[in-house]
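Text of target.tsv (TSV, C-alpha atoms and all ligand atoms) as supplied:
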```tsv
chain	number	residue	atom	x	y	z
A	28	MET	CA	-26.85	25.35	27.10
A	29	SER	CA	-24.70	26.12	30.10
A	30	GLU	CA	-21.09	27.03	29.40
A	31	LYS	CA	-19.27	24.82	31.85
A	32	LYS	CA	-20.74	21.44	31.22
A	33	LYS	CA	-19.15	19.35	28.51
A	34	THR	CA	-21.21	18.19	25.58
A	35	ILE	CA	-21.82	14.48	25.22
A	36	LEU	CA	-23.25	13.17	22.00
A	37	SER	CA	-24.33	9.77	20.81
A	38	LEU	CA	-26.66	8.28	18.25
A	39	MET	CA	-28.33	4.91	18.06
A	40	GLN	CA	-29.50	3.20	14.91
A	41	PRO	CA	-33.20	2.42	15.02
A	42	SER	CA	-32.81	-0.91	13.29
A	43	GLY	CA	-34.74	-3.71	14.86
A	44	GLU	CA	-36.31	-3.81	18.25
A	45	VAL	CA	-34.53	-2.52	21.33
A	46	SER	CA	-32.81	-5.28	23.26
A	47	LEU	CA	-31.42	-5.72	26.74
A	48	GLY	CA	-28.04	-5.29	25.05
A	49	ASN	CA	-28.97	-1.80	23.82
A	50	TYR	CA	-30.41	-0.89	27.17
A	51	LEU	CA	-27.60	-2.09	29.42
A	52	GLY	CA	-24.86	-1.46	26.86
A	53	ALA	CA	-25.80	2.10	26.00
A	54	LEU	CA	-29.07	3.60	27.15
A	55	LYS	CA	-28.73	3.09	30.89
A	56	ASN	CA	-25.35	4.76	30.65
A	57	TRP	CA	-26.73	7.60	28.52
A	58	GLN	CA	-29.38	8.15	31.17
A	59	ARG	CA	-26.75	8.48	33.87
A	60	LEU	CA	-24.71	10.87	31.73
A	61	SER	CA	-27.78	12.97	30.97
A	62	LEU	CA	-27.82	14.09	34.58
A	63	GLU	CA	-24.28	15.44	34.48
A	64	TYR	CA	-23.57	16.74	30.99
A	65	ASN	CA	-25.14	18.64	28.14
A	66	CYS	CA	-26.37	15.68	26.22
A	67	ILE	CA	-27.36	15.34	22.60
A	68	TYR	CA	-28.96	12.03	21.68
A	69	ALA	CA	-30.47	11.12	18.37
A	70	ILE	CA	-31.63	8.20	16.31
A	71	ALA	CA	-29.27	7.54	13.40
A	72	ASP	CA	-32.09	6.91	10.95
A	73	LEU	CA	-30.04	7.98	7.93
A	74	HIS	CA	-27.38	5.45	8.84
A	75	THR	CA	-29.94	2.65	8.74
A	76	LEU	CA	-30.51	3.26	5.02
A	77	THR	CA	-27.23	1.50	4.26
A	78	VAL	CA	-29.09	-1.77	4.80
A	79	ARG	CA	-32.46	-2.49	3.14
A	80	GLN	CA	-35.45	-2.57	5.42
A	81	GLN	CA	-39.18	-2.30	5.10
A	82	PRO	CA	-40.16	1.40	5.26
A	83	GLU	CA	-43.04	0.70	7.65
A	84	ASP	CA	-40.81	-1.29	9.99
A	85	LYS	CA	-38.23	1.45	9.94
A	86	ARG	CA	-40.79	4.11	10.80
A	87	ARG	CA	-42.22	2.07	13.65
A	88	CYS	CA	-38.83	1.29	14.98
A	89	SER	CA	-37.71	4.93	14.84
A	90	ARG	CA	-40.76	5.94	16.83
A	91	GLU	CA	-40.14	3.19	19.38
A	92	VAL	CA	-36.54	4.18	19.96
A	93	LEU	CA	-37.50	7.84	20.33
A	94	ALA	CA	-40.25	6.88	22.78
A	95	LEU	CA	-37.73	4.91	24.76
A	96	PHE	CA	-35.32	7.86	24.86
A	97	ILE	CA	-38.16	9.98	26.21
A	98	ALA	CA	-39.25	7.31	28.68
A	99	LEU	CA	-35.71	7.28	30.06
A	100	GLY	CA	-35.84	11.05	30.42
A	101	LEU	CA	-33.03	11.66	27.94
A	102	ASP	CA	-34.73	14.86	26.75
A	103	LYS	CA	-35.00	16.37	30.22
A	104	GLY	CA	-33.70	19.85	30.96
A	105	GLU	CA	-31.26	21.22	28.42
A	106	ASN	CA	-30.70	17.87	26.77
A	107	LEU	CA	-31.70	17.20	23.20
A	108	VAL	CA	-33.41	14.25	21.57
A	109	PHE	CA	-34.17	14.19	17.85
A	110	ALA	CA	-34.06	12.26	14.59
A	111	GLN	CA	-30.93	12.71	12.49
A	112	SER	CA	-32.96	12.96	9.28
A	113	HIS	CA	-34.82	15.98	10.65
A	114	VAL	CA	-31.66	18.06	10.69
A	115	SER	CA	-30.50	18.34	7.10
A	116	ALA	CA	-27.13	19.73	8.15
A	117	HIS	CA	-26.05	16.14	8.90
A	118	ALA	CA	-26.28	15.13	5.26
A	119	GLU	CA	-24.82	18.45	4.15
A	120	LEU	CA	-21.76	18.32	6.36
A	121	ALA	CA	-21.30	14.65	5.52
A	122	TRP	CA	-20.89	15.66	1.88
A	123	VAL	CA	-18.19	18.18	2.73
A	124	LEU	CA	-16.41	15.67	4.95
A	125	ASN	CA	-16.54	13.11	2.15
A	126	CYS	CA	-14.28	15.48	0.27
A	127	PHE	CA	-11.79	15.50	3.16
A	128	THR	CA	-11.65	11.76	3.67
A	129	TYR	CA	-9.47	9.36	1.73
A	130	MET	CA	-10.59	6.12	0.15
A	131	GLY	CA	-7.67	4.40	1.83
A	132	GLU	CA	-8.87	5.49	5.27
A	133	LEU	CA	-12.39	4.24	4.64
A	134	ASN	CA	-11.07	1.01	3.23
A	135	ARG	CA	-9.45	0.22	6.54
A	136	MET	CA	-12.70	0.36	8.52
A	137	THR	CA	-13.34	-3.06	9.97
A	138	GLN	CA	-17.08	-2.47	10.14
A	139	PHE	CA	-17.15	-1.79	6.39
A	140	LYS	CA	-15.25	-4.99	5.76
A	141	ASP	CA	-17.58	-6.99	8.02
A	142	LYS	CA	-20.77	-5.49	6.65
A	143	SER	CA	-19.73	-5.88	3.05
A	144	ALA	CA	-18.93	-9.51	3.72
A	145	ARG	CA	-22.35	-10.01	5.31
A	146	HIS	CA	-24.31	-8.03	2.70
A	147	ALA	CA	-22.31	-8.99	-0.36
A	148	ASP	CA	-25.32	-8.27	-2.58
A	149	ASN	CA	-25.57	-4.65	-1.42
A	150	ILE	CA	-22.15	-3.08	-0.92
A	151	ASN	CA	-23.37	0.44	-1.52
A	152	ALA	CA	-21.43	3.69	-1.39
A	153	GLY	CA	-23.33	4.71	1.76
A	154	LEU	CA	-21.89	1.75	3.60
A	155	PHE	CA	-18.46	2.89	2.54
A	156	THR	CA	-18.85	6.56	3.52
A	157	TYR	CA	-20.85	5.80	6.66
A	158	PRO	CA	-18.01	7.13	8.88
A	159	CYS	CA	-18.25	10.55	7.20
A	160	LEU	CA	-21.90	10.83	8.17
A	161	MET	CA	-21.04	9.73	11.67
A	162	ALA	CA	-18.26	12.34	11.78
A	163	ALA	CA	-20.79	14.97	10.68
A	164	ASP	CA	-23.16	13.91	13.49
A	165	ILE	CA	-20.45	14.49	16.03
A	166	LEU	CA	-18.69	17.55	14.65
A	167	LEU	CA	-21.82	19.59	13.95
A	168	TYR	CA	-22.48	19.90	17.66
A	169	GLN	CA	-18.89	20.48	18.72
A	170	ALA	CA	-19.20	17.45	20.98
A	171	ASP	CA	-16.47	16.98	23.57
A	172	LEU	CA	-17.19	13.38	24.47
A	173	VAL	CA	-18.75	10.47	22.66
A	174	PRO	CA	-19.72	7.33	24.55
A	175	VAL	CA	-19.27	4.53	22.05
A	176	GLY	CA	-18.86	0.82	22.24
A	177	GLU	CA	-15.73	-0.98	21.14
A	178	ASP	CA	-17.23	-1.53	17.68
A	179	GLN	CA	-17.43	2.22	17.05
A	180	ARG	CA	-14.00	3.21	18.32
A	181	GLN	CA	-12.45	3.17	14.90
A	182	HIS	CA	-15.18	5.47	13.60
A	183	LEU	CA	-14.48	7.93	16.35
A	184	GLU	CA	-10.78	7.80	15.50
A	185	ILE	CA	-11.44	8.62	11.87
A	186	THR	CA	-13.73	11.45	13.00
A	187	ARG	CA	-10.84	12.92	14.94
A	188	ASP	CA	-8.52	12.53	11.97
A	189	ILE	CA	-10.95	14.24	9.61
A	190	ALA	CA	-11.58	17.07	12.09
A	191	GLU	CA	-7.87	17.63	12.65
A	192	ARG	CA	-7.22	17.62	8.93
A	193	PHE	CA	-9.92	20.22	8.42
A	194	ASN	CA	-8.76	22.37	11.33
A	195	ASN	CA	-5.18	22.26	10.06
A	196	ILE	CA	-6.29	23.81	6.81
A	197	TYR	CA	-8.97	26.23	8.00
A	198	GLY	CA	-8.27	27.00	11.64
A	199	ASP	CA	-10.23	25.85	14.65
A	200	VAL	CA	-13.60	24.99	13.20
A	201	PHE	CA	-14.28	21.71	14.97
A	202	THR	CA	-13.90	20.57	18.55
A	203	ILE	CA	-11.86	17.37	18.49
A	204	PRO	CA	-14.06	14.80	20.19
A	205	GLU	CA	-12.82	12.21	22.59
A	206	ALA	CA	-14.18	8.83	23.47
A	207	TYR	CA	-16.01	8.98	26.75
A	208	ILE	CA	-14.08	6.80	29.09
A	209	GLY	CA	-15.44	6.12	32.47
A	210	LYS	CA	-18.00	3.76	33.56
A	211	THR	CA	-19.12	2.54	30.17
A	212	GLY	CA	-22.03	0.34	29.41
A	213	ALA	CA	-21.72	-3.37	29.69
A	214	ARG	CA	-21.06	-5.45	26.61
A	215	ILE	CA	-23.93	-7.89	26.62
A	216	MET	CA	-23.57	-11.07	24.62
A	217	GLY	CA	-26.20	-13.41	23.23
A	218	LEU	CA	-27.77	-15.79	25.75
A	219	GLN	CA	-27.43	-18.76	23.42
A	220	GLU	CA	-24.25	-17.60	21.72
A	221	PRO	CA	-22.34	-15.86	24.49
A	222	THR	CA	-19.25	-15.30	22.38
A	223	ARG	CA	-21.14	-12.86	20.13
A	224	LYS	CA	-22.77	-9.55	20.92
A	225	MET	CA	-26.50	-9.72	21.71
A	226	SER	CA	-27.89	-8.41	18.48
A	227	LYS	CA	-31.05	-8.75	16.52
A	228	SER	CA	-29.28	-9.32	13.22
A	229	GLU	CA	-27.19	-12.09	14.76
A	230	SER	CA	-30.02	-13.83	16.52
A	231	ALA	CA	-31.80	-16.49	14.54
A	232	ASN	CA	-32.84	-18.07	17.84
A	233	ALA	CA	-35.34	-15.92	19.76
A	234	ASN	CA	-33.90	-17.18	23.04
A	235	ASN	CA	-30.58	-15.54	22.22
A	236	ILE	CA	-31.88	-12.02	22.74
A	237	ILE	CA	-34.02	-10.25	25.30
A	238	LEU	CA	-36.23	-7.61	23.75
A	239	LEU	CA	-37.73	-4.77	25.65
A	240	SER	CA	-41.05	-5.78	24.14
A	241	ASP	CA	-40.88	-9.29	25.64
A	242	ASP	CA	-43.15	-9.77	28.59
A	243	LEU	CA	-41.24	-10.25	31.81
A	244	LYS	CA	-42.13	-13.92	32.04
A	245	GLN	CA	-40.51	-14.49	28.67
A	246	THR	CA	-37.50	-12.48	29.78
A	247	ALA	CA	-37.07	-14.59	32.89
A	248	ASN	CA	-37.44	-17.80	30.88
A	249	LYS	CA	-34.83	-16.76	28.37
A	250	ILE	CA	-32.36	-16.08	31.16
A	251	LYS	CA	-33.14	-19.42	32.78
A	252	ARG	CA	-32.48	-21.12	29.43
A	253	ALA	CA	-29.22	-19.30	28.76
A	254	VAL	CA	-26.35	-21.59	27.84
A	255	THR	CA	-23.76	-22.15	30.54
A	256	ASP	CA	-21.11	-24.80	30.97
A	257	SER	CA	-20.76	-28.08	32.79
A	258	ASP	CA	-18.85	-26.55	35.67
A	259	ASN	CA	-20.85	-25.32	38.64
A	260	SER	CA	-19.09	-22.25	39.99
A	261	VAL	CA	-20.35	-18.73	39.37
A	262	LYS	CA	-17.07	-17.15	38.30
A	263	ALA	CA	-16.20	-14.86	35.41
A	264	ASP	CA	-13.76	-16.66	33.18
A	265	PRO	CA	-12.97	-16.43	29.46
A	266	GLU	CA	-13.48	-20.19	29.34
A	267	LYS	CA	-17.01	-19.70	30.67
A	268	PRO	CA	-18.56	-17.09	28.36
A	269	GLY	CA	-22.16	-17.93	29.30
A	270	ILE	CA	-21.70	-17.49	33.04
A	271	THR	CA	-19.50	-14.45	32.47
A	272	ASN	CA	-22.22	-12.85	30.38
A	273	LEU	CA	-24.87	-13.51	33.04
A	274	LEU	CA	-22.55	-12.05	35.67
A	275	ASN	CA	-22.06	-8.96	33.51
A	276	ILE	CA	-25.79	-8.61	33.12
A	277	TYR	CA	-26.28	-8.98	36.85
A	278	CYS	CA	-23.60	-6.38	37.57
A	279	ALA	CA	-25.03	-3.93	35.05
A	280	VAL	CA	-28.43	-4.01	36.70
A	281	SER	CA	-27.34	-4.27	40.33
A	282	GLY	CA	-24.44	-1.80	40.16
A	283	LYS	CA	-22.18	-4.38	41.81
A	284	ASN	CA	-18.79	-5.30	40.45
A	285	ILE	CA	-17.78	-8.78	39.37
A	286	ALA	CA	-15.90	-9.59	42.55
A	287	GLU	CA	-18.89	-8.63	44.69
A	288	ALA	CA	-21.24	-10.64	42.51
A	289	GLU	CA	-18.99	-13.70	42.57
A	290	LYS	CA	-18.88	-13.49	46.32
A	291	GLU	CA	-22.63	-13.19	46.56
A	292	PHE	CA	-23.06	-16.36	44.50
A	293	GLU	CA	-20.31	-18.42	46.06
A	294	GLY	CA	-21.51	-21.97	46.47
A	295	VAL	CA	-24.78	-21.19	44.67
A	296	GLY	CA	-25.73	-23.52	41.83
A	297	TYR	CA	-26.38	-22.33	38.29
A	298	GLY	CA	-30.13	-22.77	38.58
A	299	ALA	CA	-30.43	-20.49	41.59
A	300	PHE	CA	-27.96	-18.04	40.09
A	301	LYS	CA	-29.96	-17.76	36.89
A	302	ALA	CA	-33.15	-17.25	38.88
A	303	ALA	CA	-31.48	-14.39	40.75
A	304	VAL	CA	-30.29	-12.79	37.52
A	305	ALA	CA	-33.77	-13.17	36.03
A	306	ASP	CA	-35.34	-11.46	39.06
A	307	ALA	CA	-32.86	-8.61	38.98
A	308	VAL	CA	-33.35	-8.02	35.26
A	309	CYS	CA	-37.13	-8.10	35.57
A	310	GLU	CA	-37.08	-5.64	38.47
A	311	GLU	CA	-34.90	-3.33	36.41
A	312	LEU	CA	-37.00	-3.56	33.28
A	313	ARG	CA	-40.46	-3.37	34.84
A	314	PRO	CA	-40.58	0.42	35.40
A	315	VAL	CA	-38.72	1.11	32.14
A	316	LYS	CA	-41.22	-0.95	30.17
A	317	GLU	CA	-44.19	0.65	31.88
A	318	GLU	CA	-43.01	4.16	31.17
A	319	TYR	CA	-41.99	3.22	27.64
A	320	GLU	CA	-45.40	1.76	26.87
A	321	ARG	CA	-47.11	4.81	28.31
A	322	VAL	CA	-44.99	7.22	26.25
A	323	LEU	CA	-45.27	5.19	23.07
A	324	LYS	CA	-49.07	5.45	23.20
A	325	ASP	CA	-48.90	9.22	23.54
A	326	LYS	CA	-48.19	9.98	19.91
A	327	ALA	CA	-48.75	13.72	20.25
A	328	TYR	CA	-46.22	13.93	23.04
A	329	VAL	CA	-43.55	11.97	21.18
A	330	ASP	CA	-44.20	14.20	18.15
A	331	SER	CA	-43.81	17.36	20.19
A	332	VAL	CA	-40.49	16.26	21.71
A	333	MET	CA	-39.27	15.20	18.28
A	334	LYS	CA	-40.28	18.52	16.71
A	335	ASN	CA	-38.83	20.65	19.45
A	336	GLY	CA	-35.62	18.63	19.46
A	337	ALA	CA	-35.22	19.01	15.71
A	338	GLU	CA	-35.73	22.76	15.89
A	339	ARG	CA	-33.11	23.24	18.55
A	340	ALA	CA	-30.71	20.83	16.89
A	341	ASN	CA	-31.11	22.64	13.58
A	342	ARG	CA	-30.08	25.92	15.15
A	343	LEU	CA	-26.98	24.42	16.71
A	344	ALA	CA	-26.02	22.43	13.64
A	345	TYR	CA	-26.37	25.31	11.20
A	346	ARG	CA	-23.99	27.42	13.22
A	347	THR	CA	-21.25	24.91	12.50
A	348	LEU	CA	-22.33	24.21	8.94
A	349	GLY	CA	-22.38	27.95	8.15
A	350	LYS	CA	-18.80	28.26	9.38
A	351	VAL	CA	-17.72	25.28	7.32
A	352	TYR	CA	-19.38	26.53	4.13
A	353	LYS	CA	-17.72	29.90	4.57
A	354	LYS	CA	-14.29	28.36	5.21
A	355	VAL	CA	-14.39	26.14	2.15
A	356	GLY	CA	-15.38	29.08	-0.04
A	357	LEU	CA	-19.06	28.61	-0.83
A	358	LEU	CA	-21.00	31.78	-1.57
A	359	PRO	CA	-22.89	33.16	1.40
A	360	ARG	CA	-26.59	32.38	1.31
A	361	LEU	CA	-28.44	35.67	0.89
B	1	LIG	N1	-22.64	4.17	14.04
B	1	LIG	C1	-23.21	4.10	15.35
B	1	LIG	C2	-23.68	2.67	15.65
B	1	LIG	O1	-24.02	1.96	14.75
B	1	LIG	C3	-24.37	5.04	15.50
B	1	LIG	C4	-23.95	6.44	15.32
B	1	LIG	C5	-24.22	7.24	14.24
B	1	LIG	C6	-23.21	7.22	16.25
B	1	LIG	N2	-23.70	8.49	14.46
B	1	LIG	C7	-23.08	8.50	15.66
B	1	LIG	C8	-22.66	6.96	17.52
B	1	LIG	C9	-22.39	9.52	16.30
B	1	LIG	C10	-21.98	7.97	18.15
B	1	LIG	C11	-21.84	9.25	17.56
B	1	LIG	O2	-23.74	2.30	16.79
```

Encoded form (structure tokens):
Amino acid sequence: MSEKKKTILSLMQPSGEVSLGNYLGALKNWQRLSLEYNCIYAIADLHTLTVRQQPEDKRRCSREVLALFIALGLDKGENLVFAQSHVSAHAELAWVLNCFTYMGELNRMTQFKDKSARHADNINAGLFTYPCLMAADILLYQADLVPVGEDQRQHLEITRDIAERFNNIYGDVFTIPEAYIGKTGARIMGLQEPTRKMSKSESANANNIILLSDDLKQTANKIKRAVTDSDNSVKADPEKPGITNLLNIYCAVSGKNIAEAEKEFEGVGYGAFKAAVADAVCEELRPVKEEYERVLKDKAYVDSVMKNGAERANRLAYRTLGKVYKKVGLLPRL
């Protein structure tokens, strides 16, 4: 990898189908970053084990997310795409970091509190130590910048704390990662419940979420059925979460800012506005879907990218893990 470029790293959990929220909130941004930085992108398949799922669904979903990464060109050039579970150093470093993380710190994680409330029948230790695995993902590759959504900020903070704690004892072993700030992805909310993030696990109503696997007609219909309010002006406003969400979606695909979009739709009724958003989203998704479907069918190609990515990631990760093992006093492997 070239010396000057900073390293960006991010992982996505392959749990459930990919939605417009994943695409506009993260992947489109990752794609842009992949042109400028050394990028390391992986599926966080080990993280998904904290919640029970059908093994076959998990495997299919992992393959789909990897195919989408490839379709978006995230593996181009020096960049890396792989599955977390294919690089055993993640689990190994996570163990070490577990021993440098306090119960009290983990207890404060809001995601742990939320998830244990939602899955009260399965509050497993993995859910609790999840941030240590995430810290391992980041620290193994000496990442400089991590693009994360609001919901992962606290996990990045704890990663920094753990890394600093370790460095204070053993010297500069880890690069202290920073949140990537800049043009971040849009936070896309549910179409039927626009006060909550667009998410598969939150969406009992199929119209709440746009899936990449929907056909474009369905996509357009879901947008046209999105809840709005009884007002009739296309303006972003906390009192108008539905319209605000549609404006955010429009901006994310068109590259315009809110002010420009509001101006464009001045005096336009909700029906026509929704139709314009639907068109813009469909135009955006059409080529992505085509390429994704093409790549997904090419099993051998997806396998080869996955294999090559894992090999390169293993080499990078073991450099860091070797240092860590030496520092903490494990016997050298002969
Ligand atoms: N926890 C993240 C999420 O659910 C996924 C993730 C795992 C991640 N490891 C990471 C994100 C490392 C950034 C960096 O969204």

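Separating CA of Ser226 in chain A from CA of Asn49 in chain A is a distance of 8.6 Å.
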
Please produce, as a tab-separated table, a per-residue contact table for chain A versus ligand LIG 1 (chain B) (criterion: any atom at most 7 Å away, only C-alpha atoms and all ligand atoms considered), showing the nearest atom pair and its distance in Å to one decimal, sorted by chain then residue number.
```
residue	atom	partner	partner_atom	distance
A:Leu36	CA	B:LIG1	C11	6.1
A:Ser37	CA	B:LIG1	C10	4.0
A:Leu38	CA	B:LIG1	C6	4.1
A:Met39	CA	B:LIG1	C3	4.7
A:Gln40	CA	B:LIG1	C3	5.5
A:Ala71	CA	B:LIG1	C5	5.1
A:His74	CA	B:LIG1	C5	6.5
A:Leu160	CA	B:LIG1	N2	6.9
A:Met161	CA	B:LIG1	N2	4.0
A:Ala162	CA	B:LIG1	C9	6.7
A:Asp164	CA	B:LIG1	C9	5.3
A:Ile165	CA	B:LIG1	C9	5.3
A:Val173	CA	B:LIG1	C10	6.1
A:Pro174	CA	B:LIG1	C10	6.8
A:Val175	CA	B:LIG1	C10	5.9
A:Gln179	CA	B:LIG1	C1	6.3
```

Could you please determine the separation between CA of Asn149 in chain A and CA of Met130 in chain A in Å, to one decimal place?
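Going from CA of Asn149 in chain A over to CA of Met130 in chain A, I get 18.5 Å.
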
What does the distance between CA of Asn272 in chain A and CA of Lys224 in chain A come to in Å, to one decimal place?
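Spanning CA of Asn272 in chain A to CA of Lys224 in chain A is a straight-line distance of 10.0 Å.
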
Using only C-alpha atoms, can you tell me which of A:Arg187, A:Arg90, A:Lys301, A:Lys334 comes closest to Ala163 in chain A?
A:Arg187

Which residue gives the smallest distance to Gly52 in chain A among A:Leu312, A:Leu357, A:Asp330, A:Arg214, with all atoms listed in the file counted?
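The answer is A:Arg214, which sits nearest to Gly52 in chain A.
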
So, counting only C-alpha atoms, which residue among A:Gly336, A:Gly282, A:Gly298, A:Gly48 is closest to Ala110 in chain A?
A:Gly336

Please provide as a PyMOL selection string all residues within 12 Å of Pro265 in chain A, with the sequence filter that same-chain residues fewer than 6 positions apart are discarded (counting only C-alpha atoms).
chain A and resi 221-222+256+271-272

From the list A:Leu218, A:Thr137, A:Lys251, A:Leu183, which residue is nearest Ile236 in chain A when using only C-alpha atoms?
A:Leu218

Can you find the residues with an atom no farther than 12 Å from (-24.9, -19.0, 28.7), counting all atoms listed in the file, and report them as an NGL selection string?
:A and (215-223 or 225 or 234-236 or 249-258 or 261 or 263 or 266-276 or 297-298 or 300-301)

Selected residues written out, C-alpha atoms, as a PDB file, keeping the file's coordinate frame:
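selection-v5.pdb was written with the following content:
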```pdb
ATOM      1  CA  ILE A 215     -23.930  -7.890  26.620  1.00  0.00           C
ATOM      2  CA  MET A 216     -23.570 -11.070  24.620  1.00  0.00           C
ATOM      3  CA  GLY A 217     -26.200 -13.410  23.230  1.00  0.00           C
ATOM      4  CA  LEU A 218     -27.770 -15.790  25.750  1.00  0.00           C
ATOM      5  CA  GLN A 219     -27.430 -18.760  23.420  1.00  0.00           C
ATOM      6  CA  GLU A 220     -24.250 -17.600  21.720  1.00  0.00           C
ATOM      7  CA  PRO A 221     -22.340 -15.860  24.490  1.00  0.00           C
ATOM      8  CA  THR A 222     -19.250 -15.300  22.380  1.00  0.00           C
ATOM      9  CA  ARG A 223     -21.140 -12.860  20.130  1.00  0.00           C
ATOM     10  CA  MET A 225     -26.500  -9.720  21.710  1.00  0.00           C
ATOM     11  CA  ASN A 234     -33.900 -17.180  23.040  1.00  0.00           C
ATOM     12  CA  ASN A 235     -30.580 -15.540  22.220  1.00  0.00           C
ATOM     13  CA  ILE A 236     -31.880 -12.020  22.740  1.00  0.00           C
ATOM     14  CA  LYS A 249     -34.830 -16.760  28.370  1.00  0.00           C
ATOM     15  CA  ILE A 250     -32.360 -16.080  31.160  1.00  0.00           C
ATOM     16  CA  LYS A 251     -33.140 -19.420  32.780  1.00  0.00           C
ATOM     17  CA  ARG A 252     -32.480 -21.120  29.430  1.00  0.00           C
ATOM     18  CA  ALA A 253     -29.220 -19.300  28.760  1.00  0.00           C
ATOM     19  CA  VAL A 254     -26.350 -21.590  27.840  1.00  0.00           C
ATOM     20  CA  THR A 255     -23.760 -22.150  30.540  1.00  0.00           C
ATOM     21  CA  ASP A 256     -21.110 -24.800  30.970  1.00  0.00           C
ATOM     22  CA  SER A 257     -20.760 -28.080  32.790  1.00  0.00           C
ATOM     23  CA  ASP A 258     -18.850 -26.550  35.670  1.00  0.00           C
ATOM     24  CA  VAL A 261     -20.350 -18.730  39.370  1.00  0.00           C
ATOM     25  CA  ALA A 263     -16.200 -14.860  35.410  1.00  0.00           C
ATOM     26  CA  GLU A 266     -13.480 -20.190  29.340  1.00  0.00           C
ATOM     27  CA  LYS A 267     -17.010 -19.700  30.670  1.00  0.00           C
ATOM     28  CA  PRO A 268     -18.560 -17.090  28.360  1.00  0.00           C
ATOM     29  CA  GLY A 269     -22.160 -17.930  29.300  1.00  0.00           C
ATOM     30  CA  ILE A 270     -21.700 -17.490  33.040  1.00  0.00           C
ATOM     31  CA  THR A 271     -19.500 -14.450  32.470  1.00  0.00           C
ATOM     32  CA  ASN A 272     -22.220 -12.850  30.380  1.00  0.00           C
ATOM     33  CA  LEU A 273     -24.870 -13.510  33.040  1.00  0.00           C
ATOM     34  CA  LEU A 274     -22.550 -12.050  35.670  1.00  0.00           C
ATOM     35  CA  ASN A 275     -22.060  -8.960  33.510  1.00  0.00           C
ATOM     36  CA  ILE A 276     -25.790  -8.610  33.120  1.00  0.00           C
ATOM     37  CA  TYR A 297     -26.380 -22.330  38.290  1.00  0.00           C
ATOM     38  CA  GLY A 298     -30.130 -22.770  38.580  1.00  0.00           C
ATOM     39  CA  PHE A 300     -27.960 -18.040  40.090  1.00  0.00           C
ATOM     40  CA  LYS A 301     -29.960 -17.760  36.890  1.00  0.00           C
TER      41      LYS A 301
END
```

Please provide the set of residues having any atom within 10 Å of Lys290 in chain A, restricted to all atoms listed in the file, with same-chain residues fewer than 4 positions apart removed, written as number ranges by chain.
A: 261-262, 285-286, 294-295

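Those residues that approach Asn125 in chain A to within 12 Å, counting only C-alpha atoms, are Ala118, Glu119, Glu132, Leu133, Ala152, Gly153, Phe155, Thr156, Tyr157, Pro158, Cys159, Leu160, Met161, Ala162, Ala163, Ile185, Thr186, Ile189, Ala190 and Phe193 of chain A; same-chain residues fewer than 6 positions away are not listed.
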
Report as a ChimeraX atom specification all protein, DNA and RNA residues lying within 6 Å of Pro204 in chain A, evaluated on only C-alpha atoms, omitting residues in the same chain fewer than 5 positions from it.
/A:170-172

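Nearest-residue note for Ala344 in chain A: choosing from A:Gln80, A:Gln58, A:Thr246, A:Gln169, the minimum distance belongs to A:Gln169, counting all atoms listed in the file.
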
Give me the residues near range 318-328 of chain A as a ChimeraX atom specification, where near means some atom within 7 Å (using all atoms listed in the file) and where sequence neighbours in that chain fewer than 5 positions away do not count.
/A:91,94-95,98

Could those selected residues go to a file with C-alpha atoms, as a PDB file, in the coordinates of the input?
```
ATOM      1  CA  GLU A  91     -40.140   3.190  19.380  1.00  0.00           C
ATOM      2  CA  ALA A  94     -40.250   6.880  22.780  1.00  0.00           C
ATOM      3  CA  LEU A  95     -37.730   4.910  24.760  1.00  0.00           C
ATOM      4  CA  ALA A  98     -39.250   7.310  28.680  1.00  0.00           C
TER       5      ALA A  98
END
```

Which residue of A:His182, A:Asn195, A:Ala116, A:Ala206 approaches Thr347 in chain A most closely, using only C-alpha atoms
A:Ala116

Just need the box for range 36-50 of chain A, edges along x, y and z, holding every atom the file lists for it with 4 Å tacked onto each side, so centre and edge lengths in Å to one decimal, as lines of an AutoDock Vina configuration file.
```
center_x = -29.8
center_y = 3.7
center_z = 20.2
size_x = 21.1
size_y = 26.9
size_z = 21.9
```

Give me range 176-180 of chain A from this structure - N, CA, C and O atoms, as a PDB file, in the first residue's frame.
```pdb
ATOM      1  N   GLY A 176     -21.379   5.586  11.494  1.00  0.00           N
ATOM      2  CA  GLY A 176     -22.592   6.342  11.777  1.00  0.00           C
ATOM      3  C   GLY A 176     -22.626   6.711  13.252  1.00  0.00           C
ATOM      4  O   GLY A 176     -21.843   6.207  14.055  1.00  0.00           O
ATOM      5  N   GLU A 177     -23.569   7.579  13.555  1.00  0.00           N
ATOM      6  CA  GLU A 177     -23.770   8.046  14.932  1.00  0.00           C
ATOM      7  C   GLU A 177     -23.833   6.868  15.908  1.00  0.00           C
ATOM      8  O   GLU A 177     -23.272   6.917  16.996  1.00  0.00           O
ATOM      9  N   ASP A 178     -24.527   5.800  15.495  1.00  0.00           N
ATOM     10  CA  ASP A 178     -24.745   4.678  16.423  1.00  0.00           C
ATOM     11  C   ASP A 178     -23.465   3.927  16.775  1.00  0.00           C
ATOM     12  O   ASP A 178     -23.460   3.134  17.713  1.00  0.00           O
ATOM     13  N   GLN A 179     -22.388   4.165  16.021  1.00  0.00           N
ATOM     14  CA  GLN A 179     -21.137   3.457  16.310  1.00  0.00           C
ATOM     15  C   GLN A 179     -20.060   4.356  16.905  1.00  0.00           C
ATOM     16  O   GLN A 179     -18.941   3.927  17.152  1.00  0.00           O
ATOM     17  N   ARG A 180     -20.401   5.607  17.114  1.00  0.00           N
ATOM     18  CA  ARG A 180     -19.429   6.564  17.660  1.00  0.00           C
ATOM     19  C   ARG A 180     -18.835   6.120  18.985  1.00  0.00           C
ATOM     20  O   ARG A 180     -17.640   6.213  19.233  1.00  0.00           O
TER      21      ARG A 180
END
```
